[in-house]
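Dropping structure-v2.txt in here (compact mmCIF, C-alpha atoms and all ligand atoms):
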```txt
# COMPACT_ATOMS: atom_id res chain seq x y z
CA MET A 1 -53.48 -19.81 -1.06
CA GLN A 2 -56.80 -18.06 -0.45
CA PRO A 3 -59.31 -19.07 2.22
CA VAL A 4 -61.87 -21.51 0.79
CA SER A 5 -65.49 -20.93 1.75
CA ASN A 6 -66.85 -24.40 0.93
CA PRO A 7 -65.83 -26.67 3.85
CA GLN A 8 -65.72 -29.70 1.49
CA GLU A 9 -62.89 -28.05 -0.47
CA ARG A 10 -60.85 -27.03 2.51
CA PRO A 11 -57.61 -28.96 2.73
CA ILE A 12 -56.26 -31.09 5.50
CA ILE A 13 -53.33 -28.99 6.67
CA VAL A 14 -50.29 -30.59 8.28
CA VAL A 15 -48.00 -28.21 10.15
CA GLY A 16 -44.44 -29.52 10.35
CA GLY A 17 -42.86 -31.95 7.90
CA GLY A 18 -40.76 -34.01 10.30
CA PHE A 19 -41.23 -37.72 10.93
CA ALA A 20 -44.80 -37.36 12.22
CA GLY A 21 -46.06 -34.82 9.68
CA LEU A 22 -44.50 -36.39 6.60
CA SER A 23 -45.62 -39.85 7.64
CA THR A 24 -49.20 -38.55 8.03
CA LEU A 25 -49.20 -37.00 4.57
CA LEU A 26 -47.60 -39.91 2.73
CA THR A 27 -50.08 -42.35 4.31
CA LEU A 28 -53.06 -40.05 3.66
CA SER A 29 -52.08 -39.59 0.04
CA ARG A 30 -53.04 -43.23 -0.56
CA VAL A 31 -56.66 -42.65 0.53
CA HIS A 32 -59.30 -42.76 -2.26
CA PRO A 33 -60.64 -40.27 -3.06
CA ARG A 34 -57.57 -38.32 -1.98
CA PRO A 35 -58.44 -35.18 0.03
CA PRO A 36 -56.62 -31.92 -0.71
CA LEU A 37 -53.39 -32.03 1.32
CA VAL A 38 -51.19 -29.13 2.38
CA LEU A 39 -47.87 -29.26 4.20
CA ILE A 40 -46.66 -26.10 5.91
CA GLU A 41 -42.97 -26.47 6.65
CA PRO A 42 -40.31 -23.75 6.38
CA LYS A 43 -37.46 -26.01 5.36
CA ALA A 44 -36.78 -27.23 1.84
CA GLN A 45 -35.34 -30.51 3.11
CA PHE A 46 -36.58 -33.34 5.25
CA VAL A 47 -33.92 -34.26 7.79
CA PHE A 48 -33.28 -37.81 9.02
CA VAL A 49 -32.27 -36.43 12.41
CA PRO A 50 -31.06 -39.80 13.79
CA LEU A 51 -28.47 -39.84 11.00
CA LEU A 52 -27.04 -36.38 11.79
CA TYR A 53 -24.02 -38.06 13.40
CA GLU A 54 -23.14 -39.74 10.12
CA LEU A 55 -23.47 -36.42 8.33
CA LEU A 56 -21.16 -34.80 10.88
CA SER A 57 -18.57 -37.52 10.35
CA GLY A 58 -18.89 -37.52 6.56
CA GLU A 59 -20.00 -41.18 6.57
CA LEU A 60 -23.15 -39.98 4.77
CA GLN A 61 -23.68 -37.00 2.50
CA ALA A 62 -26.20 -34.16 2.87
CA TRP A 63 -28.33 -35.39 -0.04
CA GLU A 64 -28.67 -38.75 1.71
CA VAL A 65 -29.49 -37.48 5.21
CA ALA A 66 -31.41 -34.36 4.20
CA PRO A 67 -33.23 -34.97 0.90
CA ASP A 68 -35.39 -32.23 -0.64
CA TYR A 69 -39.11 -32.49 0.07
CA ALA A 70 -39.93 -32.06 -3.62
CA PRO A 71 -39.03 -35.60 -4.77
CA LEU A 72 -40.42 -37.12 -1.56
CA ILE A 73 -43.91 -35.71 -2.05
CA GLN A 74 -43.96 -35.61 -5.85
CA GLY A 75 -46.98 -37.47 -7.23
CA HIS A 76 -48.66 -37.62 -3.80
CA GLY A 77 -50.96 -34.60 -4.32
CA ILE A 78 -49.34 -32.64 -1.50
CA SER A 79 -48.85 -28.86 -1.76
CA HIS A 80 -45.81 -27.68 0.19
CA ILE A 81 -45.98 -24.12 1.53
CA ARG A 82 -42.59 -23.03 2.85
CA ASP A 83 -43.64 -20.94 5.82
CA ILE A 84 -43.93 -21.00 9.62
CA VAL A 85 -47.30 -21.21 11.32
CA THR A 86 -47.41 -18.53 13.99
CA SER A 87 -50.95 -19.03 15.29
CA VAL A 88 -53.94 -21.30 15.03
CA ASN A 89 -57.53 -20.26 15.62
CA VAL A 90 -59.35 -23.48 16.35
CA GLU A 91 -62.71 -21.69 16.55
CA ASP A 92 -62.75 -20.53 12.93
CA HIS A 93 -60.45 -23.33 11.67
CA SER A 94 -57.77 -20.94 10.46
CA ILE A 95 -54.04 -20.60 10.71
CA THR A 96 -51.78 -17.60 10.23
CA THR A 97 -48.25 -17.84 8.93
CA ALA A 98 -45.15 -15.71 9.43
CA GLY A 99 -45.39 -14.83 5.74
CA GLY A 100 -48.81 -13.26 6.38
CA ASP A 101 -50.99 -16.01 4.87
CA HIS A 102 -54.31 -16.84 6.44
CA LEU A 103 -55.47 -20.37 5.57
CA VAL A 104 -58.59 -22.30 6.46
CA TYR A 105 -58.50 -26.05 7.13
CA SER A 106 -61.02 -28.86 7.31
CA GLN A 107 -58.76 -30.88 9.63
CA LEU A 108 -55.48 -29.74 11.14
CA VAL A 109 -52.49 -31.86 12.10
CA LEU A 110 -49.94 -30.21 14.38
CA ALA A 111 -46.53 -31.90 14.21
CA THR A 112 -44.05 -29.15 15.00
CA GLY A 113 -41.58 -31.19 17.04
CA ALA A 114 -39.29 -30.03 19.81
CA VAL A 115 -36.53 -27.45 20.26
CA PRO A 116 -33.55 -27.49 22.64
CA ASP A 117 -34.21 -26.38 26.21
CA ASP A 118 -31.47 -24.61 28.19
CA PHE A 119 -33.59 -24.59 31.38
CA GLY A 120 -32.56 -20.94 31.84
CA ILE A 121 -28.99 -21.90 32.82
CA PRO A 122 -26.80 -18.81 32.38
CA GLY A 123 -24.54 -18.80 29.33
CA VAL A 124 -25.95 -21.86 27.56
CA ARG A 125 -27.79 -19.92 24.89
CA ASP A 126 -24.82 -17.66 24.15
CA HIS A 127 -21.85 -20.01 24.47
CA ALA A 128 -23.00 -23.58 23.82
CA LEU A 129 -23.05 -25.32 20.47
CA GLY A 130 -26.18 -27.28 19.59
CA PHE A 131 -26.74 -30.64 17.96
CA HIS A 132 -30.38 -30.68 16.99
CA SER A 133 -30.72 -29.66 13.38
CA LEU A 134 -28.88 -29.33 10.11
CA ARG A 135 -27.80 -25.77 10.83
CA ASP A 136 -25.95 -26.91 13.96
CA LEU A 137 -23.51 -28.96 11.89
CA ALA A 138 -21.41 -26.24 10.24
CA PRO A 139 -20.35 -24.51 13.52
CA LEU A 140 -19.53 -27.86 15.08
CA GLN A 141 -17.55 -29.05 12.06
CA GLU A 142 -15.61 -25.78 12.08
CA ARG A 143 -14.81 -26.20 15.79
CA LEU A 144 -13.59 -29.76 15.18
CA ARG A 145 -11.42 -28.56 12.32
CA GLN A 146 -9.80 -25.95 14.60
CA LEU A 147 -9.25 -28.47 17.39
CA ARG A 148 -7.54 -30.92 15.04
CA LEU A 149 -4.96 -28.21 14.24
CA ARG A 150 -3.91 -27.91 17.90
CA PRO A 151 -1.27 -30.07 19.61
CA SER A 152 -2.74 -33.38 20.71
CA GLY A 153 -4.25 -33.51 24.22
CA THR A 154 -4.22 -29.75 24.88
CA SER A 155 -7.97 -29.15 24.38
CA SER A 156 -11.21 -30.22 26.03
CA VAL A 157 -14.68 -30.66 24.63
CA VAL A 158 -17.64 -30.89 27.01
CA ILE A 159 -20.94 -32.53 26.06
CA VAL A 160 -23.79 -31.87 28.46
CA GLY A 161 -26.48 -34.55 28.59
CA ALA A 162 -25.79 -38.29 28.60
CA GLY A 163 -29.02 -39.29 26.91
CA ALA A 164 -28.89 -40.90 23.48
CA THR A 165 -27.80 -37.72 21.66
CA GLY A 166 -24.97 -36.93 24.09
CA VAL A 167 -23.63 -40.49 24.19
CA GLU A 168 -23.82 -41.02 20.41
CA LEU A 169 -22.21 -37.65 19.79
CA ALA A 170 -19.42 -38.25 22.33
CA CYS A 171 -18.40 -41.50 20.60
CA LYS A 172 -18.49 -39.91 17.16
CA LEU A 173 -16.50 -36.85 18.28
CA VAL A 174 -13.70 -38.91 19.80
CA ASP A 175 -13.38 -40.88 16.58
CA LEU A 176 -13.31 -37.65 14.58
CA LEU A 177 -10.91 -35.81 16.87
CA GLU A 178 -8.36 -38.65 16.80
CA GLY A 179 -6.81 -37.64 20.12
CA ALA A 180 -6.85 -33.89 19.47
CA ALA A 181 -9.04 -33.19 22.53
CA GLN A 182 -10.23 -34.79 25.73
CA VAL A 183 -14.01 -35.33 25.72
CA HIS A 184 -16.08 -34.90 28.89
CA LEU A 185 -19.67 -36.14 29.12
CA VAL A 186 -21.72 -34.56 31.92
CA ASP A 187 -25.12 -35.57 33.27
CA GLN A 188 -27.05 -34.85 36.43
CA GLY A 189 -28.43 -38.41 36.57
CA ASP A 190 -26.72 -41.39 38.16
CA GLN A 191 -26.30 -43.34 34.92
CA ILE A 192 -25.95 -42.73 31.20
CA LEU A 193 -28.87 -43.49 28.86
CA ALA A 194 -31.38 -43.49 31.70
CA ARG A 195 -34.24 -44.51 29.38
CA SER A 196 -32.36 -47.10 27.32
CA ARG A 197 -32.30 -50.90 27.30
CA ALA A 198 -29.70 -52.59 29.53
CA PHE A 199 -27.87 -54.19 26.56
CA ASN A 200 -27.52 -50.87 24.76
CA ARG A 201 -26.42 -49.11 27.93
CA GLU A 202 -23.74 -51.73 28.53
CA GLN A 203 -22.51 -51.43 24.93
CA ALA A 204 -22.47 -47.66 25.24
CA GLU A 205 -20.57 -47.77 28.55
CA ARG A 206 -17.95 -49.95 26.91
CA ALA A 207 -17.76 -47.66 23.86
CA LEU A 208 -17.26 -44.60 26.09
CA LYS A 209 -14.60 -46.37 28.16
CA ARG A 210 -12.75 -47.64 25.08
CA ARG A 211 -12.53 -44.08 23.83
CA GLY A 212 -11.30 -42.66 27.15
CA ILE A 213 -14.29 -40.34 27.56
CA ASN A 214 -14.56 -38.75 31.02
CA VAL A 215 -18.09 -39.36 32.26
CA HIS A 216 -19.26 -37.07 35.09
CA LEU A 217 -22.51 -38.36 36.57
CA LYS A 218 -24.60 -36.72 39.32
CA THR A 219 -23.15 -33.47 38.00
CA ARG A 220 -25.27 -30.39 37.35
CA VAL A 221 -24.12 -27.59 35.07
CA LEU A 222 -24.53 -24.23 36.80
CA SER A 223 -23.26 -21.79 34.17
CA VAL A 224 -21.37 -21.67 30.90
CA LYS A 225 -18.76 -19.14 29.77
CA PRO A 226 -17.07 -18.97 26.35
CA ASP A 227 -14.08 -20.96 27.59
CA SER A 228 -15.18 -22.61 30.83
CA VAL A 229 -18.12 -24.33 32.47
CA ARG A 230 -19.02 -24.42 36.15
CA TRP A 231 -20.68 -27.55 37.45
CA ASN A 232 -21.54 -29.11 40.76
CA GLY A 233 -20.86 -32.81 41.22
CA ILE A 234 -19.35 -35.40 43.49
CA GLU A 235 -16.24 -33.21 43.85
CA GLY A 236 -18.29 -30.10 44.71
CA ASP A 237 -18.18 -26.99 42.52
CA VAL A 238 -15.72 -27.32 39.63
CA GLU A 239 -14.70 -24.79 36.97
CA GLN A 240 -13.68 -26.82 33.89
CA ALA A 241 -11.99 -25.15 30.92
CA HIS A 242 -13.46 -26.04 27.54
CA ASP A 243 -12.72 -25.42 23.89
CA GLY A 244 -16.24 -26.23 22.85
CA LEU A 245 -19.36 -27.14 24.84
CA ILE A 246 -22.25 -28.94 23.20
CA TRP A 247 -25.66 -28.82 24.84
CA THR A 248 -27.81 -31.94 24.42
CA ALA A 249 -29.38 -31.89 27.88
CA GLY A 250 -32.98 -31.23 27.07
CA SER A 251 -35.70 -30.29 24.67
CA LYS A 252 -39.14 -28.76 24.91
CA PRO A 253 -42.18 -28.99 22.66
CA ASN A 254 -42.45 -26.31 20.01
CA ILE A 255 -46.16 -25.52 20.01
CA PRO A 256 -47.58 -22.68 17.87
CA ASP A 257 -49.93 -20.21 19.60
CA LEU A 258 -53.40 -21.71 19.89
CA HIS A 259 -56.59 -19.64 20.28
CA PRO A 260 -58.25 -20.40 22.56
CA SER A 261 -55.23 -21.81 24.33
CA ALA A 262 -55.09 -25.52 25.13
CA GLU A 263 -54.42 -26.82 28.61
CA LEU A 264 -51.03 -28.54 28.48
CA HIS A 265 -50.06 -31.76 30.19
CA GLN A 266 -46.35 -32.22 31.04
CA LYS A 267 -45.83 -29.15 28.77
CA ARG A 268 -47.33 -31.11 25.83
CA LEU A 269 -50.63 -31.06 23.99
CA PRO A 270 -52.92 -33.71 25.50
CA VAL A 271 -54.47 -35.99 22.88
CA ASP A 272 -56.85 -38.93 23.01
CA GLN A 273 -56.04 -42.42 21.69
CA THR A 274 -56.95 -41.35 18.16
CA LEU A 275 -54.47 -38.45 18.41
CA ARG A 276 -57.15 -35.77 18.50
CA LEU A 277 -56.41 -32.77 20.68
CA GLN A 278 -58.64 -33.04 23.72
CA GLY A 279 -61.75 -30.93 23.30
CA GLN A 280 -60.92 -30.09 19.66
CA PRO A 281 -62.48 -32.59 17.24
CA ASP A 282 -60.84 -31.09 14.14
CA VAL A 283 -57.26 -30.85 15.41
CA LEU A 284 -54.74 -33.68 15.80
CA ALA A 285 -51.35 -33.37 17.52
CA LEU A 286 -48.49 -35.83 17.07
CA GLY A 287 -44.86 -36.55 17.70
CA ASP A 288 -42.76 -34.61 20.18
CA ILE A 289 -45.46 -32.02 20.94
CA ALA A 290 -48.16 -34.47 22.04
CA THR A 291 -48.89 -36.81 24.93
CA HIS A 292 -51.81 -39.02 25.78
CA ALA A 293 -50.53 -40.30 29.10
CA ARG A 294 -51.35 -39.01 32.51
CA LYS A 295 -48.32 -39.87 34.60
CA ASP A 296 -50.35 -38.98 37.68
CA GLU A 297 -52.70 -41.86 36.71
CA GLY A 298 -49.79 -44.28 36.25
CA GLN A 299 -49.82 -44.25 32.43
CA THR A 300 -46.64 -44.61 30.41
CA PRO A 301 -46.07 -41.82 27.89
CA TRP A 302 -45.28 -42.65 24.27
CA PRO A 303 -41.53 -42.22 23.70
CA LEU A 304 -40.34 -39.00 22.10
CA SER A 305 -38.69 -40.69 19.15
CA ALA A 306 -38.68 -40.88 15.39
CA GLN A 307 -40.11 -44.37 15.69
CA ALA A 308 -43.13 -43.18 17.72
CA ALA A 309 -43.57 -40.12 15.48
CA ILE A 310 -43.72 -42.25 12.31
CA GLN A 311 -46.26 -44.63 13.85
CA GLN A 312 -48.36 -41.73 15.08
CA GLY A 313 -48.32 -40.20 11.60
CA GLN A 314 -49.69 -43.45 10.16
CA ALA A 315 -52.33 -43.64 12.91
CA ALA A 316 -53.32 -39.99 12.40
CA ALA A 317 -53.88 -40.73 8.71
CA ARG A 318 -56.17 -43.64 9.69
CA THR A 319 -58.09 -41.35 12.06
CA LEU A 320 -58.52 -38.80 9.29
CA GLU A 321 -59.55 -41.45 6.76
CA ALA A 322 -62.21 -42.71 9.19
CA HIS A 323 -63.41 -39.14 9.57
CA LEU A 324 -63.65 -38.66 5.80
CA LYS A 325 -65.51 -41.93 5.29
CA GLY A 326 -67.75 -41.69 8.34
CA GLY A 327 -66.09 -44.63 10.12
CA THR A 328 -64.83 -45.12 13.66
CA PRO A 329 -61.11 -44.53 14.12
CA SER A 330 -59.14 -47.22 15.91
CA PRO A 331 -56.99 -46.24 18.89
CA PHE A 332 -53.26 -45.73 18.40
CA ILE A 333 -51.18 -48.44 20.05
CA PHE A 334 -47.44 -47.84 20.07
CA GLN A 335 -45.47 -50.85 18.80
CA ASP A 336 -42.06 -50.82 20.41
CA LEU A 337 -39.71 -51.97 17.65
CA GLY A 338 -36.62 -51.56 19.80
CA GLU A 339 -33.82 -49.08 20.17
CA MET A 340 -30.81 -48.37 17.99
CA LEU A 341 -27.82 -46.22 18.92
CA SER A 342 -24.81 -45.28 16.85
CA LEU A 343 -21.57 -45.59 18.83
CA GLY A 344 -18.85 -43.96 16.79
CA ILE A 345 -17.69 -44.49 13.25
CA SER A 346 -19.17 -47.67 11.71
CA ASP A 347 -20.40 -48.87 15.09
CA ALA A 348 -23.87 -49.18 16.63
CA THR A 349 -25.95 -51.19 19.06
CA ILE A 350 -29.49 -52.51 18.57
CA THR A 351 -31.99 -54.03 20.97
CA GLY A 352 -35.26 -55.02 19.31
CA MET A 353 -36.65 -56.58 16.15
CA GLY A 354 -35.91 -59.91 17.88
CA MET A 355 -32.18 -59.27 18.30
CA THR A 356 -29.50 -57.74 20.42
CA LEU A 357 -26.60 -56.78 18.22
CA ALA A 358 -23.59 -54.48 18.39
CA GLY A 359 -20.86 -53.58 15.91
CA PRO A 360 -20.60 -52.78 12.19
CA LEU A 361 -23.58 -54.93 11.15
CA ALA A 362 -25.77 -53.16 13.70
CA PHE A 363 -24.54 -49.88 12.17
CA LYS A 364 -25.74 -50.94 8.70
CA ILE A 365 -29.09 -52.27 9.97
CA ARG A 366 -29.69 -49.02 11.84
CA ARG A 367 -29.23 -46.93 8.71
CA LEU A 368 -31.48 -49.23 6.70
CA ALA A 369 -34.23 -49.14 9.32
CA TYR A 370 -34.70 -45.37 9.11
CA LEU A 371 -35.40 -45.47 5.40
CA THR A 372 -37.70 -48.45 5.36
CA ARG A 373 -39.87 -47.39 8.29
CA LEU A 374 -41.20 -44.25 6.64
CA PRO A 375 -44.09 -45.12 4.30
CA GLY A 376 -43.51 -44.18 0.68
CA LEU A 377 -40.11 -42.78 1.49
CA SER A 378 -38.08 -45.78 0.51
CA LEU A 379 -39.54 -45.54 -2.99
CA GLY A 380 -39.43 -41.77 -3.22
CA LEU A 381 -35.90 -41.83 -1.95
CA ARG A 382 -34.62 -44.47 -4.31
CA SER A 383 -31.67 -42.32 -5.29
CA ALA A 384 -31.03 -41.06 -1.78
CA GLY A 385 -31.00 -44.64 -0.58
CA ALA A 386 -28.21 -45.57 -2.96
CA TRP A 387 -25.83 -46.13 -0.06
CA LEU A 388 -28.01 -48.97 1.13
CA VAL A 389 -27.13 -51.19 -1.76
CA GLY A 390 -23.54 -50.01 -1.88
CA SER A 391 -22.75 -50.78 1.73
C1 LIG B 1 -29.62 -35.32 17.32
C2 LIG B 1 -30.87 -36.14 17.47
C3 LIG B 1 -30.80 -37.52 17.32
C4 LIG B 1 -31.94 -38.30 17.43
N1 LIG B 1 -31.81 -39.64 17.25
C5 LIG B 1 -32.92 -40.41 17.32
C6 LIG B 1 -32.81 -41.81 17.10
O1 LIG B 1 -31.73 -42.34 16.88
N2 LIG B 1 -33.96 -42.54 17.12
C7 LIG B 1 -35.19 -41.96 17.35
O2 LIG B 1 -36.21 -42.68 17.34
N3 LIG B 1 -35.31 -40.66 17.59
C8 LIG B 1 -34.21 -39.85 17.58
N4 LIG B 1 -34.31 -38.52 17.82
C9 LIG B 1 -35.61 -37.95 18.18
C10 LIG B 1 -36.45 -37.76 16.93
O3 LIG B 1 -35.69 -37.08 15.93
C11 LIG B 1 -37.70 -36.96 17.26
O4 LIG B 1 -38.39 -37.61 18.31
C12 LIG B 1 -38.59 -36.87 16.03
O5 LIG B 1 -37.94 -36.13 15.03
C13 LIG B 1 -39.92 -36.21 16.37
O6 LIG B 1 -40.65 -36.12 15.19
P1 LIG B 1 -41.67 -34.91 14.99
O7 LIG B 1 -42.29 -35.13 13.66
O8 LIG B 1 -42.54 -34.77 16.19
O9 LIG B 1 -40.76 -33.59 14.97
P2 LIG B 1 -39.58 -33.18 14.01
O10 LIG B 1 -39.04 -34.36 13.31
O11 LIG B 1 -38.68 -32.35 14.86
O12 LIG B 1 -40.27 -32.26 12.92
C14 LIG B 1 -40.87 -31.05 13.24
C15 LIG B 1 -40.94 -30.21 11.96
O13 LIG B 1 -41.81 -29.11 12.20
C16 LIG B 1 -41.29 -27.97 11.57
N5 LIG B 1 -41.84 -26.82 12.29
C17 LIG B 1 -41.57 -26.45 13.56
N6 LIG B 1 -42.31 -25.37 13.90
C18 LIG B 1 -43.08 -25.08 12.83
C19 LIG B 1 -44.06 -24.08 12.57
N7 LIG B 1 -44.42 -23.21 13.51
N8 LIG B 1 -44.64 -24.04 11.34
C20 LIG B 1 -44.29 -24.96 10.38
N9 LIG B 1 -43.38 -25.93 10.59
C21 LIG B 1 -42.79 -25.99 11.79
C22 LIG B 1 -39.77 -28.12 11.71
O14 LIG B 1 -39.09 -27.36 10.74
C23 LIG B 1 -39.60 -29.62 11.55
O15 LIG B 1 -39.33 -29.97 10.22
C24 LIG B 1 -33.18 -37.70 17.72
C25 LIG B 1 -33.27 -36.32 17.89
C26 LIG B 1 -32.11 -35.54 17.76
C27 LIG B 1 -32.21 -34.05 17.94
```

Would you write out, as structure tokens, the structure that this file holds?
Amino acid sequence: MQPVSNPQERPIIVVGGGFAGLSTLLTLSRVHPRPPLVLIEPKAQFVFVPLLYELLSGELQAWEVAPDYAPLIQGHGISHIRDIVTSVNVEDHSITTAGGDHLVYSQLVLATGAVPDDFGIPGVRDHALGFHSLRDLAPLQERLRQLRLRPSGTSSVVIVGAGATGVELACKLVDLLEGAAQVHLVDQGDQILARSRAFNREQAERALKRRGINVHLKTRVLSVKPDSVRWNGIEGDVEQAHDGLIWTAGSKPNIPDLHPSAELHQKRLPVDQTLRLQGQPDVLALGDIATHARKDEGQTPWPLSAQAAIQQGQAAARTLEAHLKGGTPSPFIFQDLGEMLSLGISDATITGMGMTLAGPLAFKIRRLAYLTRLPGLSLGLRSAGAWLVGS
């Protein structure tokens, strides 16, 4: 795409087609008259990240959890450029991509999400498996396959991080390993699921106990080797052998280079209540890379979740529509719809939407919720959502 000189013809460019970016575009595509819309996203498939566990276990198939963008955006007037944005010049409203393109925008939406953070702990980058994206699945599935071939009880798998990802993964792995390995869950905090609702935490504690998972709290990982991990906990320094270590202990925002650079808050891009980057009227930032809250002023940050990202995408579209039509954008207010966790095969727990529920029904409701909360997606994904009616 060539730079466009007439500002009226410049597109709204959305960088990153995750929950926040895709939600922005699908909502904006309903605005009349529809502005030119461009998505820059390297991947060919949108990934329902909260359903990665079901893809790992084979409960769902790749085409269900990671549908192609093409049918999702078809008919919405969105051009998809498969590339990575490497830098943004907010002064001349341009972006540069890894593929060497130089594009000019009228309004820019940054929604590039987060990437795992190893906090510089030695060995994590080289020896830990990840569980963050589609490409993490194949190495993990291969490791599980190898472990299942070994005599029962002779192997150990360590999961670092007892937040939602670590806890959900631990339950799923035990169900998949069927006794082939002992699973250890390690966290430096004094409880699992530090940010979760009490009901969900209780359900998760029971699920971990039922599966015989060794939970090591107040335990800090010091270094990781290919076949062992050193941590410091209640028992002092321990060297634990492992046959696979999965790192879920942290993530950091994945912000492209901005010129001039933006002052970060809590490592994130600070935005106002209409999701505009502070001091930059033509740039919005959403999802895992953005924050509006000043903890030092007692404000509560928006959660870093798919739920918040989808809502922010819808709000960003309203801000942009107001801009196009000369109106006043309304502030974004996060609606907490609750929390859902998967806890092993065909099991989940839900707090929210007026209910507390655990078990197989919660599992089905959780899957349904991810499809129906993304605007336009439930229709665009009619075929991908086939499992909804079949289950
Ligand atoms: C394993 C796992 C399980 C989770 N489970 C839940 C859950 O159950 N419930 C929940 O609410 N949340 C869950 N989350 C968190 C949730 O997935 C994130 O908060 C949410 O995806 C954030 O949305 P986003 O749009 O900001 O970023 P993402 O969804 O991460 O999307 C970012 C997109 O930007 C693209 N991108 C990155 N850099 C560039 C670039 N430079 N140029 C162009 N494109 C770029 C990426 O390819 C990606 O597609 C989970 C996360 C993980 C990792």

Residues within 8 Å of region 124-127 of chain A, all atoms listed in the file, excluding chain neighbours under 6 positions, as an NGL selection string: :A and (118 or 223-226 or 245 or 247)

6 Å shell around ligand LIG 1 (chain B) using all atoms listed in the file, listed as a PyMOL selection string: chain A and resi 15-21+40-43+49-50+84-86+111-114+131-132+165+256+287-288+304-307+309+341

Of the listed residues A:Glu321, A:Asp190, A:Glu91, A:Asp336, that which approaches Met353 (chain A) most closely, counting only C-alpha atoms: A:Asp336

Mind checking which residues fall within 10 Å of Pro139 (chain A), counting only C-alpha atoms, ignoring those fewer than 6 positions away in the same chain, and posting them as a short mmCIF file (atom, residue, chain, number, x, y, z; two decimals) with C-alpha atoms, in the frame of the given file?
```cif
data_model
loop_
_atom_site.label_atom_id
_atom_site.label_comp_id
_atom_site.auth_asym_id
_atom_site.auth_seq_id
_atom_site.Cartn_x
_atom_site.Cartn_y
_atom_site.Cartn_z
CA LEU A 129 -23.05 -25.32 20.47
CA GLY A 130 -26.18 -27.28 19.59
CA PHE A 131 -26.74 -30.64 17.96
CA ARG A 145 -11.42 -28.56 12.32
#
```

Counting all atoms listed in the file, the option among A:Val271, A:Leu277, A:Val158, A:Val65 closest to Leu258 (chain A): A:Leu277

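For the choices A:Phe46, A:Tyr105, A:Phe119, A:Tyr53, the atom-to-atom distance to Ser251 (chain A) is smallest for A:Phe119 when using all atoms listed in the file.
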
Thr154 (chain A) environment, 12 Å, only C-alpha atoms, sequence neighbours closer than 4 positions dropped, as a ChimeraX atom specification: /A:147-150,179-183,241-243

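Considering all atoms listed in the file, the residue among A:Thr291, A:Ala128, A:Thr356, A:Ser156 positioned nearest to Ile246 (chain A) is A:Ala128.
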
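Shortest atom-to-atom contact with His32 (chain A) among A:Ala322, A:Gln188, A:Val238, A:Val229: A:Ala322, counting all atoms listed in the file.
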
Cut-off 12 Å around (-20.0, -34.7, 20.0) with all atoms listed in the file: residues as a PyMOL selection string: chain A and resi 52-54+56-57+129-132+136-137+140-141+143-144+156-162+164-177+181-185+208+213+244-248+343-344

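Checking A:Val88, A:Leu28, A:Val115, A:Leu51 one by one against Lys364 (chain A), counting all atoms listed in the file, you find the shortest gap at A:Leu51.
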
One-decimal distance in Å that lies between CA of Ser106 (chain A) and CA of Glu9 (chain A): 8.0 Å

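Relative to CA of Ala293 (chain A), CA of Gln335 (chain A) is found at 15.6 Å.
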
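Coordinates place CA of Ile192 (chain A) at a distance of 17.5 Å from CA of Ala358 (chain A).
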
Residues near His259 (chain A), cut-off 12 Å, only C-alpha atoms, skip fewer than 6 positions along chain, as a PyMOL selection string: chain A and resi 86-96+280

Which residues are close to Lys218 (chain A), i.e. within 10 Å by only C-alpha atoms, leaving aside same-chain residues fewer than 5 positions away? Reply as a PDB file with C-alpha atoms, in the coordinates of the input.
```pdb
ATOM      1  CA  VAL A 186     -21.720 -34.560  31.920  1.00  0.00           C
ATOM      2  CA  ASP A 187     -25.120 -35.570  33.270  1.00  0.00           C
ATOM      3  CA  GLN A 188     -27.050 -34.850  36.430  1.00  0.00           C
ATOM      4  CA  GLY A 189     -28.430 -38.410  36.570  1.00  0.00           C
ATOM      5  CA  ASP A 190     -26.720 -41.390  38.160  1.00  0.00           C
ATOM      6  CA  GLN A 191     -26.300 -43.340  34.920  1.00  0.00           C
ATOM      7  CA  ASN A 232     -21.540 -29.110  40.760  1.00  0.00           C
ATOM      8  CA  GLY A 233     -20.860 -32.810  41.220  1.00  0.00           C
ATOM      9  CA  ILE A 234     -19.350 -35.400  43.490  1.00  0.00           C
TER      10      ILE A 234
END
```

Would you fill out region 256-261 of chain A with N, CA and C atoms and return it as a PDB file, in the frame of the given file?
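After the write, part32.pdb holds the following:
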```
ATOM      1  N   PRO A 256     -47.145 -24.007  18.325  1.00  0.00           N
ATOM      2  CA  PRO A 256     -47.580 -22.680  17.870  1.00  0.00           C
ATOM      3  C   PRO A 256     -48.674 -22.137  18.802  1.00  0.00           C
ATOM      4  N   ASP A 257     -48.884 -20.830  18.779  1.00  0.00           N
ATOM      5  CA  ASP A 257     -49.930 -20.210  19.600  1.00  0.00           C
ATOM      6  C   ASP A 257     -51.298 -20.735  19.207  1.00  0.00           C
ATOM      7  N   LEU A 258     -52.052 -21.217  20.183  1.00  0.00           N
ATOM      8  CA  LEU A 258     -53.400 -21.710  19.890  1.00  0.00           C
ATOM      9  C   LEU A 258     -54.416 -20.764  20.511  1.00  0.00           C
ATOM     10  N   HIS A 259     -55.490 -20.488  19.760  1.00  0.00           N
ATOM     11  CA  HIS A 259     -56.590 -19.640  20.280  1.00  0.00           C
ATOM     12  C   HIS A 259     -57.895 -20.383  20.107  1.00  0.00           C
ATOM     13  N   PRO A 260     -58.647 -20.627  21.178  1.00  0.00           N
ATOM     14  CA  PRO A 260     -58.250 -20.400  22.560  1.00  0.00           C
ATOM     15  C   PRO A 260     -57.147 -21.369  22.959  1.00  0.00           C
ATOM     16  N   SER A 261     -56.398 -21.003  23.972  1.00  0.00           N
ATOM     17  CA  SER A 261     -55.230 -21.810  24.330  1.00  0.00           C
ATOM     18  C   SER A 261     -55.653 -23.176  24.868  1.00  0.00           C
TER      19      SER A 261
END
```
